[in-house]
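Everything below belongs to target-v3.cif, which stores mmCIF, C-alpha atoms.
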```
data_query
loop_
_atom_site.group_PDB
_atom_site.id
_atom_site.type_symbol
_atom_site.label_atom_id
_atom_site.label_comp_id
_atom_site.auth_asym_id
_atom_site.auth_seq_id
_atom_site.Cartn_x
_atom_site.Cartn_y
_atom_site.Cartn_z
ATOM 1 C CA MET E 241 22.724 7.259 1.499
ATOM 2 C CA GLU E 242 20.463 10.147 0.463
ATOM 3 C CA HIS E 243 17.467 11.089 2.594
ATOM 4 C CA LEU E 244 14.173 12.878 1.962
ATOM 5 C CA GLN E 245 13.059 15.397 4.557
ATOM 6 C CA THR E 246 9.332 15.232 5.268
ATOM 7 C CA GLN E 247 7.254 16.247 8.284
ATOM 8 C CA ARG E 248 10.372 16.539 10.446
ATOM 9 C CA ILE E 249 11.626 13.049 9.709
ATOM 10 C CA SER E 250 14.564 12.033 7.548
ATOM 11 C CA LEU E 251 13.529 9.195 5.231
ATOM 12 C CA PRO E 252 16.338 7.151 3.602
ATOM 13 C CA ARG E 253 15.588 7.050 -0.117
ATOM 14 C CA LEU E 254 16.411 3.363 -0.387
ATOM 15 C CA GLY E 255 14.810 0.954 2.041
ATOM 16 C CA LEU E 256 14.150 -2.740 2.463
ATOM 17 C CA GLY E 257 10.676 -4.000 1.616
ATOM 18 C CA THR E 258 9.606 -7.093 3.557
ATOM 19 C CA PHE E 259 6.279 -8.204 2.043
ATOM 20 C CA ARG E 260 6.099 -12.034 1.985
ATOM 21 C CA LEU E 261 9.236 -12.419 4.108
ATOM 22 C CA GLN E 262 8.393 -14.599 7.094
ATOM 23 C CA GLY E 263 9.900 -16.057 10.234
ATOM 24 C CA ASP E 264 13.604 -16.864 10.430
ATOM 25 C CA ALA E 265 14.098 -15.995 6.746
ATOM 26 C CA CYS E 266 12.715 -12.528 7.417
ATOM 27 C CA ARG E 267 14.865 -12.041 10.499
ATOM 28 C CA THR E 268 17.985 -13.107 8.606
ATOM 29 C CA ALA E 269 17.182 -10.853 5.656
ATOM 30 C CA VAL E 270 16.697 -7.805 7.892
ATOM 31 C CA GLU E 271 19.813 -8.573 9.931
ATOM 32 C CA ASN E 272 21.843 -8.856 6.741
ATOM 33 C CA ALA E 273 20.399 -5.633 5.342
ATOM 34 C CA LEU E 274 21.185 -3.716 8.506
ATOM 35 C CA GLY E 275 24.710 -5.148 8.415
ATOM 36 C CA LEU E 276 25.151 -3.855 4.865
ATOM 37 C CA GLY E 277 24.054 -0.364 5.880
ATOM 38 C CA TYR E 278 20.315 -0.259 5.247
ATOM 39 C CA ARG E 279 18.596 2.035 7.717
ATOM 40 C CA HIS E 280 15.019 2.050 6.339
ATOM 41 C CA ILE E 281 12.878 -1.030 7.034
ATOM 42 C CA ASP E 282 9.303 -1.233 5.756
ATOM 43 C CA THR E 283 6.697 -3.615 7.194
ATOM 44 C CA ALA E 284 2.962 -3.777 7.978
ATOM 45 C CA GLU E 285 0.612 -5.584 10.310
ATOM 46 C CA MET E 286 -0.794 -7.453 7.295
ATOM 47 C CA TYR E 287 2.652 -8.859 6.429
ATOM 48 C CA GLY E 288 2.712 -10.924 9.621
ATOM 49 C CA ASN E 289 6.440 -10.351 10.098
ATOM 50 C CA GLU E 290 6.760 -7.501 12.590
ATOM 51 C CA GLU E 291 8.047 -9.837 15.325
ATOM 52 C CA PRO E 292 11.022 -11.264 13.375
ATOM 53 C CA ILE E 293 11.810 -7.746 12.171
ATOM 54 C CA GLY E 294 11.822 -6.561 15.767
ATOM 55 C CA ASP E 295 14.135 -9.433 16.687
ATOM 56 C CA ALA E 296 16.493 -8.495 13.846
ATOM 57 C CA ILE E 297 16.554 -4.857 14.924
ATOM 58 C CA ALA E 298 17.287 -5.835 18.528
ATOM 59 C CA ALA E 299 20.129 -8.114 17.442
ATOM 60 C CA SER E 300 21.631 -5.629 14.986
ATOM 61 C CA GLY E 301 23.232 -3.238 17.422
ATOM 62 C CA VAL E 302 22.132 -0.313 15.242
ATOM 63 C CA ALA E 303 21.255 2.701 17.361
ATOM 64 C CA ARG E 304 17.519 3.392 17.308
ATOM 65 C CA LYS E 305 18.102 7.024 16.380
ATOM 66 C CA ASP E 306 19.861 5.897 13.189
ATOM 67 C CA LEU E 307 17.032 3.621 12.056
ATOM 68 C CA HIS E 308 13.807 4.369 10.190
ATOM 69 C CA VAL E 309 10.951 1.886 10.689
ATOM 70 C CA THR E 310 7.644 2.114 8.812
ATOM 71 C CA THR E 311 4.626 -0.038 9.587
ATOM 72 C CA LYS E 312 0.992 0.140 8.484
ATOM 73 C CA VAL E 313 -2.549 -0.372 9.730
ATOM 74 C CA TRP E 314 -4.699 -2.713 7.651
ATOM 75 C CA ASN E 315 -7.906 -1.400 6.106
ATOM 76 C CA GLU E 316 -10.101 -3.573 8.338
ATOM 77 C CA ASN E 317 -8.819 -1.654 11.369
ATOM 78 C CA LEU E 318 -9.541 1.968 10.465
ATOM 79 C CA ALA E 319 -12.059 2.814 13.185
ATOM 80 C CA PRO E 320 -10.351 4.911 15.881
ATOM 81 C CA ALA E 321 -10.356 2.214 18.579
ATOM 82 C CA ALA E 322 -9.203 -0.404 16.062
ATOM 83 C CA ILE E 323 -6.324 1.808 14.927
ATOM 84 C CA ARG E 324 -5.175 2.090 18.536
ATOM 85 C CA ARG E 325 -5.358 -1.663 19.078
ATOM 86 C CA ALA E 326 -3.548 -2.400 15.806
ATOM 87 C CA PHE E 327 -0.855 0.152 16.561
ATOM 88 C CA ASP E 328 -0.246 -1.176 20.062
ATOM 89 C CA ALA E 329 0.030 -4.716 18.675
ATOM 90 C CA SER E 330 2.493 -3.629 15.998
ATOM 91 C CA LEU E 331 4.651 -1.739 18.482
ATOM 92 C CA LYS E 332 4.747 -4.738 20.833
ATOM 93 C CA LYS E 333 5.709 -7.143 18.040
ATOM 94 C CA LEU E 334 8.447 -4.798 16.837
ATOM 95 C CA GLY E 335 9.751 -4.423 20.374
ATOM 96 C CA LEU E 336 10.009 -0.643 19.962
ATOM 97 C CA ASP E 337 8.766 2.314 21.975
ATOM 98 C CA HIS E 338 7.919 4.196 18.772
ATOM 99 C CA VAL E 339 7.927 3.864 14.999
ATOM 100 C CA ASP E 340 9.098 6.521 12.584
ATOM 101 C CA LEU E 341 6.195 6.343 10.154
ATOM 102 C CA TYR E 342 2.714 4.837 10.508
ATOM 103 C CA LEU E 343 0.649 4.481 7.352
ATOM 104 C CA VAL E 344 -2.914 3.672 6.387
ATOM 105 C CA HIS E 345 -2.160 0.613 4.259
ATOM 106 C CA TRP E 346 -5.188 0.696 1.932
ATOM 107 C CA PRO E 347 -8.296 2.850 1.686
ATOM 108 C CA ALA E 348 -11.516 1.131 2.775
ATOM 109 C CA LYS E 349 -15.129 1.552 1.787
ATOM 110 C CA ASN E 350 -17.067 3.922 4.078
ATOM 111 C CA MET E 351 -13.983 4.897 6.065
ATOM 112 C CA ASN E 352 -14.320 7.976 8.257
ATOM 113 C CA LEU E 353 -11.287 9.968 7.155
ATOM 114 C CA PRO E 354 -11.577 12.794 9.748
ATOM 115 C CA ALA E 355 -11.851 10.311 12.627
ATOM 116 C CA MET E 356 -9.007 8.195 11.247
ATOM 117 C CA PHE E 357 -6.608 11.074 10.939
ATOM 118 C CA GLU E 358 -7.578 12.541 14.293
ATOM 119 C CA THR E 359 -6.497 9.233 15.835
ATOM 120 C CA LEU E 360 -3.314 9.011 13.765
ATOM 121 C CA THR E 361 -2.425 12.615 14.618
ATOM 122 C CA MET E 362 -2.910 11.852 18.304
ATOM 123 C CA LEU E 363 -0.492 8.906 18.023
ATOM 124 C CA LYS E 364 2.006 11.334 16.532
ATOM 125 C CA GLN E 365 1.418 13.990 19.174
ATOM 126 C CA GLU E 366 1.839 11.386 21.915
ATOM 127 C CA GLY E 367 5.225 10.423 20.480
ATOM 128 C CA PHE E 368 4.389 6.850 19.501
ATOM 129 C CA THR E 369 5.015 7.580 15.819
ATOM 130 C CA ARG E 370 7.198 10.370 14.539
ATOM 131 C CA ALA E 371 5.083 10.853 11.405
ATOM 132 C CA ILE E 372 1.944 9.536 9.705
ATOM 133 C CA GLY E 373 1.060 8.905 6.093
ATOM 134 C CA VAL E 374 -0.902 6.865 3.602
ATOM 135 C CA ALA E 375 -0.417 4.126 1.054
ATOM 136 C CA ASN E 376 -2.391 3.407 -2.110
ATOM 137 C CA PHE E 377 -4.333 6.686 -1.949
ATOM 138 C CA ASN E 378 -5.398 8.232 -5.247
ATOM 139 C CA ILE E 379 -5.527 11.968 -5.908
ATOM 140 C CA ALA E 380 -9.184 12.318 -4.936
ATOM 141 C CA LEU E 381 -8.556 10.779 -1.535
ATOM 142 C CA LEU E 382 -5.355 12.760 -1.076
ATOM 143 C CA LYS E 383 -7.218 15.997 -1.714
ATOM 144 C CA THR E 384 -9.610 15.178 1.115
ATOM 145 C CA VAL E 385 -6.799 14.248 3.499
ATOM 146 C CA VAL E 386 -4.378 17.034 2.597
ATOM 147 C CA GLU E 387 -6.626 19.935 1.598
ATOM 148 C CA ASP E 388 -9.797 19.396 3.636
ATOM 149 C CA ILE E 389 -8.614 17.599 6.764
ATOM 150 C CA LYS E 390 -5.136 19.133 6.519
ATOM 151 C CA ALA E 391 -3.503 16.027 7.939
ATOM 152 C CA PRO E 392 0.315 16.205 8.140
ATOM 153 C CA ILE E 393 0.993 13.451 5.603
ATOM 154 C CA ALA E 394 4.661 12.450 5.339
ATOM 155 C CA CYS E 395 4.315 10.238 2.241
ATOM 156 C CA ASN E 396 2.085 8.256 -0.076
ATOM 157 C CA GLN E 397 3.373 4.723 -0.685
ATOM 158 C CA VAL E 398 2.215 3.330 -4.036
ATOM 159 C CA GLU E 399 3.235 0.934 -6.789
ATOM 160 C CA TYR E 400 5.692 2.725 -9.068
ATOM 161 C CA HIS E 401 8.304 1.459 -11.495
ATOM 162 C CA VAL E 402 9.624 1.848 -15.049
ATOM 163 C CA MET E 403 6.564 0.069 -16.444
ATOM 164 C CA LEU E 404 3.875 2.096 -14.656
ATOM 165 C CA ASP E 405 3.202 5.796 -15.147
ATOM 166 C CA GLN E 406 2.363 7.751 -11.998
ATOM 167 C CA THR E 407 2.854 11.246 -13.420
ATOM 168 C CA PRO E 408 -0.428 12.872 -12.255
ATOM 169 C CA LEU E 409 0.004 11.493 -8.731
ATOM 170 C CA ARG E 410 3.675 12.486 -8.631
ATOM 171 C CA ARG E 411 2.828 16.026 -9.690
ATOM 172 C CA TYR E 412 0.162 16.351 -7.018
ATOM 173 C CA LEU E 413 2.520 15.096 -4.313
ATOM 174 C CA ALA E 414 5.489 17.142 -5.532
ATOM 175 C CA ALA E 415 3.461 20.358 -5.476
ATOM 176 C CA ARG E 416 2.879 19.736 -1.769
ATOM 177 C CA ALA E 417 6.379 18.458 -0.960
ATOM 178 C CA ILE E 418 5.035 14.993 -0.075
ATOM 179 C CA PRO E 419 7.368 12.130 -1.021
ATOM 180 C CA LEU E 420 6.238 9.155 -3.075
ATOM 181 C CA VAL E 421 7.549 5.856 -1.709
ATOM 182 C CA ALA E 422 7.640 3.279 -4.493
ATOM 183 C CA TYR E 423 6.768 -0.315 -3.750
ATOM 184 C CA CYS E 424 7.219 -3.029 -6.390
ATOM 185 C CA PRO E 425 10.037 -0.791 -7.714
ATOM 186 C CA LEU E 426 11.402 -3.646 -9.823
ATOM 187 C CA ALA E 427 7.940 -4.581 -11.158
ATOM 188 C CA GLN E 428 8.032 -7.846 -9.187
ATOM 189 C CA GLY E 429 11.016 -9.086 -11.171
ATOM 190 C CA ARG E 430 9.782 -8.038 -14.618
ATOM 191 C CA ALA E 431 12.395 -5.302 -14.856
ATOM 192 C CA ALA E 432 15.221 -7.821 -14.541
ATOM 193 C CA SER E 433 14.430 -9.472 -17.871
ATOM 194 C CA ASP E 434 13.404 -6.431 -19.914
ATOM 195 C CA PRO E 435 15.614 -6.215 -23.050
ATOM 196 C CA THR E 436 15.767 -2.406 -23.029
ATOM 197 C CA LEU E 437 16.865 -2.272 -19.404
ATOM 198 C CA MET E 438 19.332 -5.111 -19.960
ATOM 199 C CA ALA E 439 20.937 -3.192 -22.828
ATOM 200 C CA ILE E 440 21.246 -0.048 -20.708
ATOM 201 C CA GLY E 441 22.710 -2.140 -17.917
ATOM 202 C CA ARG E 442 25.373 -3.624 -20.163
ATOM 203 C CA LYS E 443 26.468 -0.120 -21.097
ATOM 204 C CA HIS E 444 27.007 0.751 -17.437
ATOM 205 C CA GLY E 445 28.237 -2.604 -16.162
ATOM 206 C CA ALA E 446 25.009 -3.035 -14.224
ATOM 207 C CA SER E 447 21.952 -5.270 -14.181
ATOM 208 C CA ALA E 448 18.567 -4.368 -15.641
ATOM 209 C CA ALA E 449 17.119 -4.334 -12.118
ATOM 210 C CA GLN E 450 19.762 -1.846 -10.996
ATOM 211 C CA VAL E 451 18.908 0.411 -13.931
ATOM 212 C CA ALA E 452 15.211 0.293 -13.028
ATOM 213 C CA LEU E 453 15.959 1.159 -9.413
ATOM 214 C CA LYS E 454 18.308 4.021 -10.292
ATOM 215 C CA TRP E 455 15.641 5.451 -12.617
ATOM 216 C CA LEU E 456 13.384 5.800 -9.593
ATOM 217 C CA LEU E 457 16.035 7.142 -7.251
ATOM 218 C CA ASP E 458 17.010 9.832 -9.777
ATOM 219 C CA GLN E 459 13.549 11.392 -9.441
ATOM 220 C CA ASP E 460 13.005 14.215 -6.990
ATOM 221 C CA GLY E 461 10.846 13.288 -4.035
ATOM 222 C CA VAL E 462 10.866 9.530 -4.706
ATOM 223 C CA ALA E 463 12.067 6.767 -2.374
ATOM 224 C CA ALA E 464 12.020 3.034 -3.122
ATOM 225 C CA ILE E 465 11.646 -0.087 -0.985
ATOM 226 C CA PRO E 466 12.623 -3.154 -3.050
ATOM 227 C CA LYS E 467 12.166 -6.493 -1.319
ATOM 228 C CA ALA E 468 15.394 -8.466 -1.270
ATOM 229 C CA SER E 469 15.980 -11.562 0.835
ATOM 230 C CA ARG E 470 19.446 -12.456 -0.513
ATOM 231 C CA VAL E 471 22.543 -10.530 0.562
ATOM 232 C CA GLU E 472 23.681 -10.329 -3.048
ATOM 233 C CA SER E 473 20.422 -8.669 -4.103
ATOM 234 C CA GLN E 474 20.507 -6.283 -1.157
ATOM 235 C CA GLN E 475 24.036 -5.223 -2.068
ATOM 236 C CA ALA E 476 23.137 -4.880 -5.745
ATOM 237 C CA ASN E 477 20.304 -2.526 -4.799
ATOM 238 C CA LEU E 478 22.677 -0.418 -2.734
ATOM 239 C CA ASP E 479 25.162 -0.355 -5.608
ATOM 240 C CA ALA E 480 22.454 0.858 -7.996
ATOM 241 C CA GLN E 481 22.704 4.273 -6.349
ATOM 242 C CA HIS E 482 26.060 4.818 -8.084
ATOM 243 C CA ILE E 483 24.941 4.235 -11.683
ATOM 244 C CA GLY E 484 24.850 7.318 -13.918
ATOM 245 C CA LEU E 485 21.990 7.192 -16.407
ATOM 246 C CA ASP E 486 22.345 9.541 -19.408
ATOM 247 C CA ASP E 487 19.787 11.248 -21.647
ATOM 248 C CA GLU E 488 19.827 8.369 -24.114
ATOM 249 C CA ASP E 489 19.048 5.935 -21.307
ATOM 250 C CA MET E 490 16.185 8.094 -20.062
ATOM 251 C CA LYS E 491 14.644 8.314 -23.533
ATOM 252 C CA ALA E 492 14.780 4.542 -23.916
ATOM 253 C CA ILE E 493 13.147 4.032 -20.528
ATOM 254 C CA ALA E 494 10.485 6.619 -21.328
ATOM 255 C CA ALA E 495 9.542 4.578 -24.402
ATOM 256 C CA LEU E 496 8.760 1.455 -22.350
ATOM 257 C CA PRO E 497 5.067 0.551 -21.820
ATOM 258 C CA LYS E 498 3.779 2.381 -18.765
ATOM 259 C CA ASP E 499 0.545 0.518 -18.020
ATOM 260 C CA ARG E 500 1.784 -2.682 -16.379
ATOM 261 C CA ARG E 501 0.490 -2.924 -12.830
ATOM 262 C CA CYS E 502 1.649 -5.678 -10.528
ATOM 263 C CA VAL E 503 -0.965 -4.961 -7.838
ATOM 264 C CA ASN E 504 -4.630 -4.614 -8.713
ATOM 265 C CA PRO E 505 -5.906 -1.331 -7.213
ATOM 266 C CA GLY E 506 -9.401 -2.824 -7.278
ATOM 267 C CA PHE E 507 -8.239 -4.645 -4.137
ATOM 268 C CA ALA E 508 -9.089 -1.410 -2.347
ATOM 269 C CA PRO E 509 -12.857 -0.755 -2.422
ATOM 270 C CA ALA E 510 -12.438 3.032 -2.288
ATOM 271 C CA TRP E 511 -10.110 3.241 -5.298
ATOM 272 C CA ASP E 512 -11.516 5.103 -8.318
#
```

So, in terms of structure tokens, how does the structure I just supplied come out?
Amino acid sequence: MEHLQTQRISLPRLGLGTFRLQGDACRTAVENALGLGYRHIDTAEMYGNEEPIGDAIAASGVARKDLHVTTKVWNENLAPAAIRRAFDASLKKLGLDHVDLYLVHWPAKNMNLPAMFETLTMLKQEGFTRAIGVANFNIALLKTVVEDIKAPIACNQVEYHVMLDQTPLRRYLAARAIPLVAYCPLAQGRAASDPTLMAIGRKHGASAAQVALKWLLDQDGVAAIPKASRVESQQANLDAQHIGLDDEDMKAIAALPKDRRCVNPGFAPAWD
């Protein structure tokens, strides 16, 4: 599996998203994914599933050094003391002595960015997280974090798929060698039934969802974390890495509507 190098960590370009996976079903899904060869697991305190993920990791037998684990602090916990409490709780639930990447999950109104990133940087310096980053940050917020505060951001995790254009954000991140990690990479199932993607898939002996995922993974500096609870879906996502999209395919995908969000950014009060 290909990796992206960022802030001294090696980020597998294809990971397992776990939003809405709960309890035993979550544990089973993560165990199966690790058994298939996944080494990038994405979670968050808000998902309420860090404990079953920790159980799955412990049962997997995968060496900790070979595994990348991302978790996130919710936007109600962005004061320095609250970040510390949230982080400690996440680490305990995961059963780990460190995570690989700790993200600010969503911006919040009136957040104190310098204080936040001082705390996050301290967690990194103390060895509790190997890297820090953000999710759902727009360019204006990124400029403050990257250019003014000069925080060592390892990624920005945002919604990105064949039906949503993120070109300005991608260009900003690429110019600073910051990866974009795409959530909802299959447009919450919409990609699977798109006629254009289905036609491309037939040409390559693949599914429409696999085509959509490969389109993302073919882009420099982009990783993807599709949620998949079934073994068959997890394997199909791994297999998508081997599809070869041609110029004709790329032109057809470029012609798809690019304004279809699955997640309302208005959910975050600080989003412009």

Using only C-alpha atoms, determine which residues lie at most 12 Å from Lys364 of chain E, disregarding the query and same-chain residues fewer than 2 positions distant; provide the list as a list in words.
->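 These residues fall inside the cut-off: Gln247, Arg248, Ile249, Arg324, Phe327, His338, Val339, Asp340, Leu341, Tyr342, Leu343, Phe357, Glu358, Thr359, Leu360, Thr361, Met362, Glu366, Gly367, Phe368, Thr369, Arg370, Ala371, Ile372, Gly373, Ala391, Pro392, Ile393 and Ala394 of chain E.
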
Run the PyMOL selection byres ((chain E and resi 427) around 12) against the file shown and list the residues it catches, as JSON, numbers by chain.
-> {"E": [399, 400, 401, 402, 403, 404, 422, 423, 424, 425, 426, 428, 429, 430, 431, 432, 433, 434, 448, 449, 452, 453, 456, 464, 465, 466, 467, 498, 499, 500, 501, 502, 503]}

How would the residues just chosen look if you wrote them out with C-alpha atoms as an mmCIF file, in the coordinates of the input?
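The result, written out as again.cif:
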```cif
data_model
loop_
_atom_site.group_PDB
_atom_site.id
_atom_site.type_symbol
_atom_site.label_atom_id
_atom_site.label_comp_id
_atom_site.auth_asym_id
_atom_site.auth_seq_id
_atom_site.Cartn_x
_atom_site.Cartn_y
_atom_site.Cartn_z
ATOM 1 C CA GLU E 399 3.235 0.934 -6.789
ATOM 2 C CA TYR E 400 5.692 2.725 -9.068
ATOM 3 C CA HIS E 401 8.304 1.459 -11.495
ATOM 4 C CA VAL E 402 9.624 1.848 -15.049
ATOM 5 C CA MET E 403 6.564 0.069 -16.444
ATOM 6 C CA LEU E 404 3.875 2.096 -14.656
ATOM 7 C CA ALA E 422 7.640 3.279 -4.493
ATOM 8 C CA TYR E 423 6.768 -0.315 -3.750
ATOM 9 C CA CYS E 424 7.219 -3.029 -6.390
ATOM 10 C CA PRO E 425 10.037 -0.791 -7.714
ATOM 11 C CA LEU E 426 11.402 -3.646 -9.823
ATOM 12 C CA GLN E 428 8.032 -7.846 -9.187
ATOM 13 C CA GLY E 429 11.016 -9.086 -11.171
ATOM 14 C CA ARG E 430 9.782 -8.038 -14.618
ATOM 15 C CA ALA E 431 12.395 -5.302 -14.856
ATOM 16 C CA ALA E 432 15.221 -7.821 -14.541
ATOM 17 C CA SER E 433 14.430 -9.472 -17.871
ATOM 18 C CA ASP E 434 13.404 -6.431 -19.914
ATOM 19 C CA ALA E 448 18.567 -4.368 -15.641
ATOM 20 C CA ALA E 449 17.119 -4.334 -12.118
ATOM 21 C CA ALA E 452 15.211 0.293 -13.028
ATOM 22 C CA LEU E 453 15.959 1.159 -9.413
ATOM 23 C CA LEU E 456 13.384 5.800 -9.593
ATOM 24 C CA ALA E 464 12.020 3.034 -3.122
ATOM 25 C CA ILE E 465 11.646 -0.087 -0.985
ATOM 26 C CA PRO E 466 12.623 -3.154 -3.050
ATOM 27 C CA LYS E 467 12.166 -6.493 -1.319
ATOM 28 C CA LYS E 498 3.779 2.381 -18.765
ATOM 29 C CA ASP E 499 0.545 0.518 -18.020
ATOM 30 C CA ARG E 500 1.784 -2.682 -16.379
ATOM 31 C CA ARG E 501 0.490 -2.924 -12.830
ATOM 32 C CA CYS E 502 1.649 -5.678 -10.528
ATOM 33 C CA VAL E 503 -0.965 -4.961 -7.838
#
```

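Between atom CA of Ala414 of chain E and atom CA of Leu485 of chain E lies a distance of 22.1 Å.
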
Contacts of Asn396 of chain E at 6 Å (only C-alpha atoms; same-chain gap of 6+ positions) as a list in words =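 That gives Val374, Ala375 and Leu420 of chain E.
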
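Closest to Ile389 of chain E among E:Leu363, E:Lys349, E:Ile418, E:Pro354 is E:Pro354, based on all atoms listed in the file.
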
For each of E:Ala329, E:Val270, E:Val398, E:Val313, take the minimum atom-to-atom distance to Ala299 of chain E, counting all atoms listed in the file, then give the residue where this is smallest.
->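 For Ala299 of chain E, the nearest of the candidates is E:Val270.
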
Translate the PyMOL selection byres ((chain E and resi 264) around 10), as applied to the file shown, into an explicit residue set as a count of residues only.
-> 14

Selection near segment 315-321 of chain E, 8 Å with all atoms listed in the file, sequence-local residues under 2 positions removed, as a list of chain:residue names = E:Val313, E:Ile323, E:Arg324, E:Arg325, E:Ala326, E:Val344, E:His345, E:Trp346, E:Pro347, E:Ala348, E:Met351, E:Asn352, E:Ala355, E:Met356, E:Thr359

Could you take the residues named above and write them with C-alpha atoms, as an mmCIF file, in the coordinates of the input?
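Written file, result07.cif:
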```cif
data_model
loop_
_atom_site.group_PDB
_atom_site.id
_atom_site.type_symbol
_atom_site.label_atom_id
_atom_site.label_comp_id
_atom_site.auth_asym_id
_atom_site.auth_seq_id
_atom_site.Cartn_x
_atom_site.Cartn_y
_atom_site.Cartn_z
ATOM 1 C CA VAL E 313 -2.549 -0.372 9.730
ATOM 2 C CA ILE E 323 -6.324 1.808 14.927
ATOM 3 C CA ARG E 324 -5.175 2.090 18.536
ATOM 4 C CA ARG E 325 -5.358 -1.663 19.078
ATOM 5 C CA ALA E 326 -3.548 -2.400 15.806
ATOM 6 C CA VAL E 344 -2.914 3.672 6.387
ATOM 7 C CA HIS E 345 -2.160 0.613 4.259
ATOM 8 C CA TRP E 346 -5.188 0.696 1.932
ATOM 9 C CA PRO E 347 -8.296 2.850 1.686
ATOM 10 C CA ALA E 348 -11.516 1.131 2.775
ATOM 11 C CA MET E 351 -13.983 4.897 6.065
ATOM 12 C CA ASN E 352 -14.320 7.976 8.257
ATOM 13 C CA ALA E 355 -11.851 10.311 12.627
ATOM 14 C CA MET E 356 -9.007 8.195 11.247
ATOM 15 C CA THR E 359 -6.497 9.233 15.835
#
```

Quick one: residues within 7 Å of segment 436-442 of chain E, only C-alpha atoms counted, chain neighbours fewer than 4 positions away excluded, as a list in words?
->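 Contacts, with the query itself left out: Ala446, Ser447, Ala448, Val451 and Asp489 of chain E.
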
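Take the candidates E:Asn350, E:Gln365, E:Thr258, E:Gln450 and check each one against Ile483 of chain E using all atoms listed in the file; the shortest distance goes to E:Gln450.
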
Two-atom distance - atom CA of His280 of chain E, atom CA of Trp314 of chain E (Å) |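 Taking atom CA of His280 of chain E and atom CA of Trp314 of chain E, their separation equals 20.3 Å.
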
Interatomic distance between atom CA of Leu307 of chain E and atom CA of Arg411 of chain E?
->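 It comes out at 28.8 Å.
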
Can you list what the PyMOL selection byres ((chain E and resi 283) around 8) grabs from this structure, as a VMD selection string?
-> chain E and resid 257 to 259 281 to 282 284 to 285 287 289 to 290 309 to 312
